[in-house]
Amino acid sequence: MLSMGADELDEAVASVVALLRPAVDRDWTGVNAGGLEWSCRRTAEHIVADFVAYATRLAGRAEHGYLPLRISFTSEDGLNAADNTDLLDVIAATGALLGAAIRTAPRDTRAFHPLPFRSANREGFAAMGIAEVLLHTHDIAEGLGLPYEPPAQLAEFVLARIFPEVRPGPDHWRNLLWATGRADLPGRARLTEWQWTNNHVLDTERLRLEGVTPAAAADLSTGGTGGFDWIEGGPFDGTREAAGMVVKSYEAGVHRPEFGLYVLVRREDDRAVGGIGFHGVPDEDGKAEVGYDLAEAARGNGYATEALLALKEWALGARDDVRSLFATIEPGNTPSQAVIARAGFVRVSEELDEEGLQAYELRG
């Protein structure tokens with residue numbers, strides 16, 4: 001079963017507390033954390049602030065902006081400041097708070113996160129929380145001169161969920177450090193700017209088109225559910241094949257999540273009914289290929305048309321790198337031809353391609 005991330009967060013927090021506990025008598029305030037301008041103390045406080053912000057957003061399903069929270073580690077008169085031991089206890093407690101929010105959030109919960117798509121699901125918040133604690137502990141350890149390397153599977157969890165454009169490598173931890181501008185990798189330029197990417201979501205009247213992460217795609221392509229609750233007969237073969245395409249593009253370092261696979265989820269009951277998406281990024285002429293399928297039990301309800309119209313509106317209306325869409329369909333597939341026609345596609349030619357399919361195109 002695909003993990004939602006709470007157990008991994010627990011493991012990450014435990015590893016950090018175990019590393020820093022022997023160093024609580026050191027000066028964390030007078031030493032910068034690695035390459036940051038923050039002190040080690042300030043960086044540890046930042047971990048706490050992120051855990052609290054993520055937990056409250058996810059638990060409250062905050063949809064807009066930042067929650068008005070203020071965390072102070074001193075009294076108003078500056079006395080009774082929490083020492084380093086207390087601070088580690090607070091990291092453990094707030095990490096558990098975020099873990100509880102992840103475990104209790106329904107699968108379809110989304111809450112505000114600014115970049116790049118303005119929201120994240122529970123797996124996204126788990127991955128962000130794990131990233132915050134691993135990376136900033138790396139910074140603190142570097143400042144204090146401590147060796148630190150977390151379990152590789154934790155870095156892999158983060159990379160496969162919120163760094164979908166980063167080509168995976170054999171050393172997941174080194175890869176995550178490179179992806180966040182903290183390390184060099186052979187054959188890759190050092191990053192000076194970076195951001196993580198939560199999965200893209202498009203809403204229609206009845207459906208939610210949920211972008212599939214490389215982690216979910218790997219699970220789908222090998223017979224799993226991808227973390228979705230499918231109706232009977234789903235996912236259909238085309239969705240699993242598309243998931244395999246996502247995995248291959250991710251492994252090659254050419255995956256762009258908004259031009260990948262989306263799972264069609266019914267808003268009324270949070271059941272997955274099919275898949276839709278692109279076969280890759282637009283070509284040099286701005287042409288992008290689309291494809292879709294539905295579980296047999298979901299057909300005949302207009303879901304494919306509704307999803308394709310939403311994808312078309314986003315691709316041709318909200319972006320300037322897509323100028324046309326095309327699809328290829330078997331000549332005898334009348335239902336799919338009807339879907340493509342309702343979305344405004346027209347047949348390019350009566351001739352079939354080398355795979356015996358007819359091409360349809362829609363220009364912006």
# chains A, B, ... in the order shown; residues from 1 in each chain; ligands from 1
call {"tool": "select_by_dssp", "arguments": {"residues": "region 123-351 of chain A", "states": "helix (DSSP H, G or I)", "output": "PyMOL selection string"}}
result
chain A and resi 123-144+152-162+172-179+214-221+237-252+257-259+296-298+303-317+334-342
call {"tool": "residues_around", "arguments": {"residues": "Asn333 (chain A)", "least_positions_apart": "6", "cutoff": "12 Å", "atoms": "only C-alpha atoms", "output": "ChimeraX atom specification"}}
result
/A:293,339-340,357-358
call {"tool": "residues_around", "arguments": {"residues": "Arg267 (chain A)", "least_positions_apart": "5", "cutoff": "12 Å", "atoms": "only C-alpha atoms", "output": "ChimeraX atom specification"}}
result
/A:107-109,202-210,272-273,303
call {"tool": "write_last_selection", "arguments": {"atoms": "N, CA, C and O atoms", "output": "compact mmCIF listing (two decimals), in the first residue's frame"}}
result
# COMPACT_ATOMS: atom_id res chain seq x y z
N ARG A 107 -8.61 11.38 2.48
CA ARG A 107 -7.75 11.31 1.31
C ARG A 107 -7.86 12.53 0.42
O ARG A 107 -6.89 12.98 -0.19
N ASP A 108 -9.05 13.11 0.29
CA ASP A 108 -9.26 14.21 -0.63
C ASP A 108 -8.94 15.59 -0.03
O ASP A 108 -9.15 16.62 -0.67
N THR A 109 -8.42 15.62 1.19
CA THR A 109 -8.12 16.91 1.83
C THR A 109 -7.00 17.63 1.08
O THR A 109 -5.97 17.05 0.76
N LEU A 202 -6.98 20.01 -11.16
CA LEU A 202 -7.97 20.79 -11.90
C LEU A 202 -9.35 20.33 -11.48
O LEU A 202 -9.63 19.12 -11.45
N ASP A 203 -10.22 21.27 -11.15
CA ASP A 203 -11.58 20.93 -10.71
C ASP A 203 -12.60 21.20 -11.80
O ASP A 203 -12.51 22.20 -12.52
N THR A 204 -13.57 20.30 -11.92
CA THR A 204 -14.73 20.52 -12.78
C THR A 204 -15.96 20.42 -11.88
O THR A 204 -15.86 20.27 -10.67
N GLU A 205 -17.13 20.47 -12.49
CA GLU A 205 -18.36 20.42 -11.70
C GLU A 205 -18.47 19.12 -10.92
O GLU A 205 -18.86 19.11 -9.75
N ARG A 206 -18.13 18.00 -11.55
CA ARG A 206 -18.31 16.70 -10.90
C ARG A 206 -17.01 15.99 -10.57
O ARG A 206 -17.02 15.00 -9.83
N LEU A 207 -15.90 16.46 -11.13
CA LEU A 207 -14.65 15.73 -11.03
C LEU A 207 -13.53 16.58 -10.46
O LEU A 207 -13.57 17.81 -10.52
N ARG A 208 -12.53 15.91 -9.95
CA ARG A 208 -11.25 16.52 -9.62
C ARG A 208 -10.18 15.77 -10.40
O ARG A 208 -10.06 14.56 -10.25
N LEU A 209 -9.44 16.47 -11.23
CA LEU A 209 -8.35 15.88 -11.98
C LEU A 209 -7.09 16.03 -11.13
O LEU A 209 -6.55 17.12 -10.99
N GLU A 210 -6.63 14.94 -10.54
CA GLU A 210 -5.52 14.98 -9.60
C GLU A 210 -4.23 14.50 -10.27
O GLU A 210 -4.14 13.36 -10.73
N ALA A 272 -12.15 7.13 -7.70
CA ALA A 272 -11.44 7.33 -8.97
C ALA A 272 -12.15 6.55 -10.08
O ALA A 272 -12.52 5.38 -9.89
N VAL A 273 -12.35 7.19 -11.23
CA VAL A 273 -13.11 6.58 -12.32
C VAL A 273 -12.30 6.42 -13.60
O VAL A 273 -12.73 5.71 -14.51
N TYR A 303 -18.07 11.74 -18.20
CA TYR A 303 -16.89 12.09 -17.42
C TYR A 303 -15.69 12.42 -18.32
O TYR A 303 -14.94 13.37 -18.04
call {"tool": "residues_around", "arguments": {"residues": "region 237-248 of chain A", "least_positions_apart": "5", "cutoff": "12 Å", "atoms": "only C-alpha atoms", "output": "compact mmCIF listing (two decimals) with all heavy atoms, in the first residue's frame"}}
result
# COMPACT_ATOMS: atom_id res chain seq x y z
N ALA A 160 10.23 11.64 -4.72
CA ALA A 160 9.22 11.05 -5.60
C ALA A 160 7.85 11.71 -5.45
O ALA A 160 6.93 11.37 -6.19
CB ALA A 160 9.10 9.55 -5.33
N PRO A 164 9.28 16.13 -8.62
CA PRO A 164 9.05 15.25 -9.76
C PRO A 164 9.93 15.54 -10.97
O PRO A 164 10.06 14.69 -11.85
CB PRO A 164 7.57 15.48 -10.08
CG PRO A 164 7.30 16.87 -9.59
CD PRO A 164 8.13 17.01 -8.34
N GLU A 165 10.53 16.72 -11.03
CA GLU A 165 11.36 17.07 -12.18
C GLU A 165 12.83 16.72 -11.96
O GLU A 165 13.65 16.90 -12.87
CB GLU A 165 11.23 18.57 -12.48
CG GLU A 165 9.80 18.97 -12.82
CD GLU A 165 9.68 20.45 -13.15
OE1 GLU A 165 10.52 20.96 -13.91
OE2 GLU A 165 8.75 21.10 -12.64
N ARG A 167 15.79 14.20 -11.72
CA ARG A 167 16.12 12.84 -12.12
C ARG A 167 16.63 12.06 -10.91
O ARG A 167 17.56 12.50 -10.22
CB ARG A 167 17.19 12.86 -13.22
CG ARG A 167 17.51 11.48 -13.78
CD ARG A 167 18.43 11.56 -14.99
NE ARG A 167 19.83 11.79 -14.61
CZ ARG A 167 20.51 12.88 -14.85
NH1 ARG A 167 19.92 13.90 -15.45
NH2 ARG A 167 21.77 13.01 -14.49
N PRO A 168 16.05 10.90 -10.62
CA PRO A 168 16.50 10.11 -9.46
C PRO A 168 17.89 9.54 -9.71
O PRO A 168 18.33 9.38 -10.86
CB PRO A 168 15.44 9.01 -9.36
CG PRO A 168 14.89 8.89 -10.73
CD PRO A 168 14.94 10.26 -11.34
N GLY A 211 -3.24 15.40 -10.32
CA GLY A 211 -1.96 15.02 -10.89
C GLY A 211 -1.32 13.87 -10.15
O GLY A 211 -1.34 13.81 -8.91
N VAL A 212 -0.74 12.93 -10.89
CA VAL A 212 -0.15 11.72 -10.32
C VAL A 212 1.34 11.94 -10.12
O VAL A 212 2.07 12.26 -11.06
CB VAL A 212 -0.41 10.52 -11.24
CG1 VAL A 212 0.33 9.28 -10.75
CG2 VAL A 212 -1.91 10.24 -11.32
N THR A 213 1.82 11.78 -8.90
CA THR A 213 3.24 11.92 -8.60
C THR A 213 4.01 10.71 -9.11
O THR A 213 3.41 9.64 -9.35
CB THR A 213 3.48 12.05 -7.09
OG1 THR A 213 3.09 10.81 -6.45
CG2 THR A 213 2.68 13.21 -6.50
N PRO A 214 5.33 10.81 -9.26
CA PRO A 214 6.11 9.62 -9.64
C PRO A 214 5.91 8.45 -8.68
O PRO A 214 5.91 7.30 -9.12
CB PRO A 214 7.54 10.14 -9.62
CG PRO A 214 7.42 11.59 -9.98
CD PRO A 214 6.15 12.03 -9.30
N ALA A 215 5.74 8.74 -7.39
CA ALA A 215 5.52 7.65 -6.43
C ALA A 215 4.20 6.94 -6.71
O ALA A 215 4.14 5.70 -6.72
CB ALA A 215 5.52 8.21 -5.01
N ALA A 216 3.15 7.70 -6.94
CA ALA A 216 1.84 7.10 -7.24
C ALA A 216 1.87 6.40 -8.58
O ALA A 216 1.25 5.33 -8.76
CB ALA A 216 0.76 8.18 -7.22
N ALA A 217 2.58 6.97 -9.56
CA ALA A 217 2.68 6.35 -10.88
C ALA A 217 3.38 5.00 -10.80
O ALA A 217 2.96 4.03 -11.45
CB ALA A 217 3.42 7.28 -11.84
N ALA A 218 4.44 4.92 -10.00
CA ALA A 218 5.14 3.65 -9.86
C ALA A 218 4.23 2.59 -9.27
O ALA A 218 4.24 1.43 -9.69
CB ALA A 218 6.38 3.85 -8.98
N ASP A 219 3.40 2.99 -8.30
CA ASP A 219 2.48 2.04 -7.69
C ASP A 219 1.40 1.61 -8.69
O ASP A 219 1.09 0.42 -8.80
CB ASP A 219 1.83 2.70 -6.47
CG ASP A 219 1.01 1.71 -5.65
OD1 ASP A 219 1.58 0.72 -5.17
OD2 ASP A 219 -0.21 1.94 -5.49
N LEU A 220 0.86 2.56 -9.43
CA LEU A 220 -0.16 2.25 -10.43
C LEU A 220 0.38 1.32 -11.52
O LEU A 220 -0.28 0.37 -11.95
CB LEU A 220 -0.69 3.52 -11.07
CG LEU A 220 -1.82 4.26 -10.38
CD1 LEU A 220 -2.03 5.63 -11.02
CD2 LEU A 220 -3.11 3.46 -10.42
N SER A 221 1.58 1.60 -11.98
CA SER A 221 2.14 0.85 -13.10
C SER A 221 2.47 -0.59 -12.73
O SER A 221 2.62 -1.44 -13.62
CB SER A 221 3.39 1.54 -13.63
OG SER A 221 4.44 1.50 -12.68
N THR A 222 2.57 -0.88 -11.44
CA THR A 222 2.88 -2.25 -11.00
C THR A 222 1.69 -2.94 -10.36
O THR A 222 1.85 -3.89 -9.61
CB THR A 222 4.07 -2.23 -10.01
OG1 THR A 222 3.78 -1.34 -8.93
CG2 THR A 222 5.34 -1.78 -10.70
N GLY A 223 0.48 -2.43 -10.65
CA GLY A 223 -0.74 -3.11 -10.20
C GLY A 223 -1.38 -2.56 -8.96
O GLY A 223 -2.41 -3.08 -8.51
N GLY A 224 -0.83 -1.47 -8.37
CA GLY A 224 -1.41 -0.88 -7.18
C GLY A 224 -2.51 0.12 -7.50
O GLY A 224 -2.90 0.30 -8.66
N THR A 225 -2.98 0.80 -6.48
CA THR A 225 -4.07 1.77 -6.66
C THR A 225 -3.57 3.19 -6.85
O THR A 225 -4.35 4.07 -7.21
CB THR A 225 -4.97 1.78 -5.41
OG1 THR A 225 -4.23 2.28 -4.28
CG2 THR A 225 -5.51 0.39 -5.11
N GLY A 226 -2.26 3.42 -6.59
CA GLY A 226 -1.73 4.77 -6.66
C GLY A 226 -2.21 5.65 -5.52
O GLY A 226 -2.05 6.87 -5.57
N TRP A 230 -10.58 3.29 -6.17
CA TRP A 230 -11.13 3.09 -7.51
C TRP A 230 -12.50 2.42 -7.48
O TRP A 230 -12.77 1.58 -6.62
CB TRP A 230 -10.19 2.24 -8.35
CG TRP A 230 -8.93 2.96 -8.71
CD1 TRP A 230 -7.78 3.04 -7.97
CD2 TRP A 230 -8.71 3.74 -9.89
NE1 TRP A 230 -6.85 3.81 -8.62
CE2 TRP A 230 -7.39 4.26 -9.80
CE3 TRP A 230 -9.49 4.05 -11.01
CZ2 TRP A 230 -6.84 5.06 -10.79
CZ3 TRP A 230 -8.94 4.85 -11.99
CH2 TRP A 230 -7.65 5.35 -11.89
N GLY A 253 14.60 11.97 -16.15
CA GLY A 253 14.80 13.37 -15.78
C GLY A 253 14.11 14.35 -16.70
O GLY A 253 14.46 15.53 -16.72
N VAL A 254 13.11 13.89 -17.46
CA VAL A 254 12.41 14.78 -18.39
C VAL A 254 10.94 14.96 -18.01
O VAL A 254 10.18 15.58 -18.76
CB VAL A 254 12.51 14.27 -19.85
CG1 VAL A 254 13.97 14.24 -20.29
CG2 VAL A 254 11.89 12.88 -20.00
N HIS A 255 10.54 14.43 -16.86
CA HIS A 255 9.13 14.54 -16.45
C HIS A 255 8.79 15.96 -16.04
O HIS A 255 9.54 16.61 -15.31
CB HIS A 255 8.86 13.60 -15.28
CG HIS A 255 7.45 13.65 -14.77
ND1 HIS A 255 6.35 13.46 -15.58
CD2 HIS A 255 6.96 13.90 -13.51
CE1 HIS A 255 5.25 13.56 -14.85
NE2 HIS A 255 5.59 13.84 -13.61
N ARG A 256 7.64 16.45 -16.54
CA ARG A 256 7.10 17.73 -16.12
C ARG A 256 5.69 17.46 -15.62
O ARG A 256 4.81 17.07 -16.41
CB ARG A 256 7.09 18.73 -17.27
CG ARG A 256 8.47 19.06 -17.83
CD ARG A 256 9.36 19.71 -16.78
NE ARG A 256 10.72 19.94 -17.25
CZ ARG A 256 11.73 19.12 -17.06
NH1 ARG A 256 11.54 17.97 -16.41
NH2 ARG A 256 12.93 19.40 -17.50
N PRO A 257 5.46 17.60 -14.32
CA PRO A 257 4.24 17.06 -13.70
C PRO A 257 2.95 17.56 -14.30
O PRO A 257 1.98 16.80 -14.40
CB PRO A 257 4.39 17.48 -12.24
CG PRO A 257 5.38 18.59 -12.23
CD PRO A 257 6.32 18.29 -13.35
N GLU A 258 2.87 18.83 -14.71
CA GLU A 258 1.62 19.32 -15.27
C GLU A 258 1.32 18.72 -16.64
O GLU A 258 0.18 18.78 -17.12
CB GLU A 258 1.62 20.85 -15.34
CG GLU A 258 2.68 21.45 -16.23
CD GLU A 258 3.96 21.77 -15.49
OE1 GLU A 258 4.39 20.94 -14.66
OE2 GLU A 258 4.53 22.84 -15.74
N PHE A 259 2.32 18.11 -17.28
CA PHE A 259 2.12 17.44 -18.56
C PHE A 259 2.24 15.93 -18.41
O PHE A 259 2.74 15.24 -19.29
CB PHE A 259 3.11 17.97 -19.60
CG PHE A 259 2.83 19.37 -20.04
CD1 PHE A 259 3.61 20.43 -19.61
CD2 PHE A 259 1.74 19.65 -20.85
CE1 PHE A 259 3.34 21.73 -19.99
CE2 PHE A 259 1.44 20.95 -21.24
CZ PHE A 259 2.26 21.99 -20.81
N GLY A 260 1.77 15.44 -17.28
CA GLY A 260 1.78 14.01 -17.03
C GLY A 260 0.38 13.44 -16.96
O GLY A 260 -0.52 13.85 -17.69
N LEU A 261 0.18 12.51 -16.04
CA LEU A 261 -1.09 11.80 -15.88
C LEU A 261 -1.92 12.43 -14.76
O LEU A 261 -1.38 12.80 -13.72
CB LEU A 261 -0.80 10.33 -15.56
CG LEU A 261 -1.97 9.45 -15.12
CD1 LEU A 261 -3.00 9.28 -16.24
CD2 LEU A 261 -1.45 8.09 -14.65
N TYR A 262 -3.23 12.51 -14.99
CA TYR A 262 -4.18 12.93 -13.97
C TYR A 262 -5.19 11.80 -13.76
O TYR A 262 -5.64 11.19 -14.73
CB TYR A 262 -4.95 14.18 -14.40
CG TYR A 262 -4.11 15.43 -14.60
CD1 TYR A 262 -3.33 15.59 -15.74
CD2 TYR A 262 -4.11 16.44 -13.65
CE1 TYR A 262 -2.56 16.72 -15.94
CE2 TYR A 262 -3.36 17.59 -13.84
CZ TYR A 262 -2.59 17.73 -14.99
OH TYR A 262 -1.82 18.86 -15.17
N VAL A 263 -5.53 11.55 -12.53
CA VAL A 263 -6.60 10.59 -12.22
C VAL A 263 -7.89 11.35 -12.04
O VAL A 263 -7.92 12.39 -11.37
CB VAL A 263 -6.26 9.75 -10.98
CG1 VAL A 263 -7.49 9.03 -10.44
CG2 VAL A 263 -5.18 8.73 -11.31
N LEU A 264 -8.97 10.86 -12.64
CA LEU A 264 -10.29 11.48 -12.55
C LEU A 264 -10.98 10.95 -11.29
O LEU A 264 -11.25 9.75 -11.18
CB LEU A 264 -11.14 11.14 -13.77
CG LEU A 264 -10.92 11.95 -15.04
CD1 LEU A 264 -9.46 11.95 -15.49
CD2 LEU A 264 -11.80 11.39 -16.17
N ALA A 272 -12.15 7.13 -7.70
CA ALA A 272 -11.44 7.33 -8.97
C ALA A 272 -12.15 6.55 -10.08
O ALA A 272 -12.52 5.38 -9.89
CB ALA A 272 -10.00 6.88 -8.84
N VAL A 273 -12.35 7.19 -11.23
CA VAL A 273 -13.11 6.58 -12.32
C VAL A 273 -12.30 6.42 -13.60
O VAL A 273 -12.73 5.71 -14.51
CB VAL A 273 -14.39 7.38 -12.62
CG1 VAL A 273 -15.30 7.43 -11.41
CG2 VAL A 273 -14.06 8.80 -13.09
N GLY A 274 -11.15 7.06 -13.70
CA GLY A 274 -10.38 6.95 -14.93
C GLY A 274 -9.13 7.81 -14.91
O GLY A 274 -8.74 8.35 -13.85
N GLY A 275 -8.50 7.94 -16.06
CA GLY A 275 -7.28 8.73 -16.18
C GLY A 275 -7.30 9.58 -17.43
O GLY A 275 -7.97 9.25 -18.42
N ILE A 276 -6.58 10.68 -17.39
CA ILE A 276 -6.45 11.57 -18.54
C ILE A 276 -5.11 12.27 -18.41
O ILE A 276 -4.56 12.38 -17.31
CB ILE A 276 -7.60 12.60 -18.60
CG1 ILE A 276 -7.64 13.31 -19.95
CG2 ILE A 276 -7.48 13.63 -17.47
CD1 ILE A 276 -8.91 14.13 -20.17
N GLY A 277 -4.58 12.73 -19.50
CA GLY A 277 -3.32 13.46 -19.40
C GLY A 277 -2.61 13.59 -20.72
O GLY A 277 -3.20 13.41 -21.80
N PHE A 278 -1.34 13.93 -20.63
CA PHE A 278 -0.51 14.19 -21.79
C PHE A 278 0.52 13.07 -21.96
O PHE A 278 0.90 12.41 -21.00
CB PHE A 278 0.22 15.52 -21.62
CG PHE A 278 -0.70 16.70 -21.47
CD1 PHE A 278 -1.10 17.11 -20.21
CD2 PHE A 278 -1.15 17.40 -22.57
CE1 PHE A 278 -1.94 18.21 -20.04
CE2 PHE A 278 -1.99 18.49 -22.43
CZ PHE A 278 -2.39 18.89 -21.17
N HIS A 279 0.97 12.91 -23.20
CA HIS A 279 2.01 11.93 -23.47
C HIS A 279 3.40 12.55 -23.38
O HIS A 279 4.37 11.97 -23.84
CB HIS A 279 1.81 11.33 -24.87
CG HIS A 279 0.59 10.46 -24.97
ND1 HIS A 279 0.37 9.58 -26.01
CD2 HIS A 279 -0.49 10.33 -24.14
CE1 HIS A 279 -0.79 8.95 -25.84
NE2 HIS A 279 -1.32 9.39 -24.70
N GLY A 280 3.48 13.72 -22.81
CA GLY A 280 4.76 14.41 -22.67
C GLY A 280 4.57 15.91 -22.82
O GLY A 280 3.46 16.40 -23.03
N VAL A 281 5.67 16.63 -22.72
CA VAL A 281 5.62 18.09 -22.85
C VAL A 281 5.32 18.47 -24.29
O VAL A 281 5.50 17.67 -25.22
CB VAL A 281 6.94 18.72 -22.39
CG1 VAL A 281 7.22 18.40 -20.95
CG2 VAL A 281 8.11 18.24 -23.27
N VAL A 290 -2.77 14.26 -26.12
CA VAL A 290 -3.58 13.89 -24.96
C VAL A 290 -4.14 12.49 -25.13
O VAL A 290 -4.26 11.97 -26.25
CB VAL A 290 -4.74 14.89 -24.75
CG1 VAL A 290 -4.22 16.28 -24.46
CG2 VAL A 290 -5.67 14.91 -25.96
N GLY A 291 -4.48 11.88 -24.00
CA GLY A 291 -5.11 10.58 -24.01
C GLY A 291 -5.97 10.42 -22.77
O GLY A 291 -5.79 11.16 -21.79
N TYR A 292 -6.89 9.48 -22.78
CA TYR A 292 -7.80 9.31 -21.65
C TYR A 292 -8.43 7.93 -21.70
O TYR A 292 -8.48 7.30 -22.76
CB TYR A 292 -8.91 10.38 -21.67
CG TYR A 292 -9.60 10.52 -23.01
CD1 TYR A 292 -10.68 9.71 -23.35
CD2 TYR A 292 -9.13 11.43 -23.94
CE1 TYR A 292 -11.29 9.82 -24.58
CE2 TYR A 292 -9.74 11.55 -25.18
CZ TYR A 292 -10.82 10.74 -25.51
OH TYR A 292 -11.40 10.85 -26.74
N ASP A 293 -8.89 7.45 -20.56
CA ASP A 293 -9.71 6.25 -20.51
C ASP A 293 -10.51 6.24 -19.22
O ASP A 293 -10.21 6.98 -18.28
CB ASP A 293 -8.89 4.96 -20.69
CG ASP A 293 -8.09 4.57 -19.45
OD1 ASP A 293 -8.06 5.34 -18.47
OD2 ASP A 293 -7.48 3.49 -19.48
N LEU A 294 -11.53 5.42 -19.18
CA LEU A 294 -12.40 5.29 -18.01
C LEU A 294 -12.56 3.82 -17.67
O LEU A 294 -12.53 2.94 -18.54
CB LEU A 294 -13.79 5.87 -18.29
CG LEU A 294 -13.92 7.38 -18.52
CD1 LEU A 294 -15.37 7.70 -18.91
CD2 LEU A 294 -13.52 8.16 -17.28
N ALA A 295 -12.75 3.56 -16.38
CA ALA A 295 -13.18 2.21 -15.99
C ALA A 295 -14.54 1.95 -16.63
O ALA A 295 -15.36 2.87 -16.79
CB ALA A 295 -13.28 2.11 -14.47
N GLU A 296 -14.78 0.72 -17.02
CA GLU A 296 -16.01 0.41 -17.76
C GLU A 296 -17.26 0.83 -17.00
O GLU A 296 -18.23 1.30 -17.59
CB GLU A 296 -16.06 -1.08 -18.08
CG GLU A 296 -15.01 -1.51 -19.10
CD GLU A 296 -15.15 -2.97 -19.49
OE1 GLU A 296 -16.10 -3.64 -19.00
OE2 GLU A 296 -14.33 -3.45 -20.29
call {"tool": "residues_around", "arguments": {"residues": "region 37-54 of chain A", "least_positions_apart": "4", "cutoff": "7 Å", "atoms": "only C-alpha atoms", "output": "JSON list (two decimals) with C-alpha atoms, in the first residue's frame"}}
result
[["chain", "number", "residue", "atom", "x", "y", "z"],
["A", 28, "TRP", "CA", 23.35, 26.93, 18.93],
["A", 29, "THR", "CA", 22.80, 30.69, 18.90],
["A", 30, "GLY", "CA", 26.30, 31.88, 18.03],
["A", 31, "VAL", "CA", 26.84, 29.47, 15.15],
["A", 32, "ASN", "CA", 25.29, 29.68, 11.69],
["A", 33, "ALA", "CA", 23.53, 26.62, 10.30],
["A", 58, "LEU", "CA", -4.00, 20.53, 6.89],
["A", 71, "ILE", "CA", 5.31, 31.17, 17.97],
["A", 90, "VAL", "CA", 9.03, 20.87, 20.97],
["A", 91, "ILE", "CA", 10.32, 19.58, 17.61],
["A", 94, "THR", "CA", 5.03, 19.40, 16.83],
["A", 95, "GLY", "CA", 6.28, 16.66, 14.52],
["A", 98, "LEU", "CA", 1.76, 17.10, 12.00],
["A", 125, "PHE", "CA", 2.36, 18.06, 3.55],
["A", 129, "GLY", "CA", 7.49, 18.27, 6.63],
["A", 132, "GLU", "CA", 12.05, 20.62, 6.29],
["A", 133, "VAL", "CA", 13.32, 18.49, 9.15],
["A", 136, "HIS", "CA", 17.45, 21.91, 8.18],
["A", 140, "ILE", "CA", 22.36, 22.52, 11.85],
["A", 143, "GLY", "CA", 27.10, 24.27, 11.62]]
call {"tool": "residues_around", "arguments": {"residues": "Val166 (chain A)", "least_positions_apart": "6", "cutoff": "8 Å", "atoms": "only C-alpha atoms", "output": "PyMOL selection string"}}
result
chain A and resi 159+179+250+253
call {"tool": "residues_around", "arguments": {"residues": "Ala297 (chain A)", "least_positions_apart": "5", "cutoff": "8 Å", "atoms": "only C-alpha atoms", "output": "VMD selection string"}}
result
chain A and resid 231 to 233
call {"tool": "atom_distance", "arguments": {"atom1": "CA of Asn121 (chain A)", "atom2": "CA of Leu87 (chain A)"}}
result
27.9 Å
call {"tool": "select_by_dssp", "arguments": {"residues": "region 138-245 of chain A", "states": "strand (DSSP E)", "output": "ChimeraX atom specification"}}
result
/A:201-203,207-211
call {"tool": "closest_residue", "arguments": {"among": "A:Ala338, A:Ala131, A:Val158, A:Val322", "to": "Asp285 (chain A)", "atoms": "only C-alpha atoms"}}
result
A:Val322
call {"tool": "atom_distance", "arguments": {"atom1": "CA of Asp83 (chain A)", "atom2": "CA of Ala12 (chain A)"}}
result
21.8 Å
call {"tool": "atom_distance", "arguments": {"atom1": "CA of Pro335 (chain A)", "atom2": "CA of Asn301 (chain A)"}}
result
11.4 Å
call {"tool": "closest_residue", "arguments": {"among": "A:Glu193, A:Asp184, A:Asp86, A:Glu355", "to": "Asp25 (chain A)", "atoms": "only C-alpha atoms"}}
result
A:Asp86
call {"tool": "closest_residue", "arguments": {"among": "A:Gly332, A:Arg57, A:Ala120, A:Arg161", "to": "Gly356 (chain A)", "atoms": "only C-alpha atoms"}}
result
A:Gly332
call {"tool": "closest_residue", "arguments": {"among": "A:Glu289, A:Glu142, A:Asp321, A:Glu284", "to": "Phe345 (chain A)", "atoms": "only C-alpha atoms"}}
result
A:Glu289
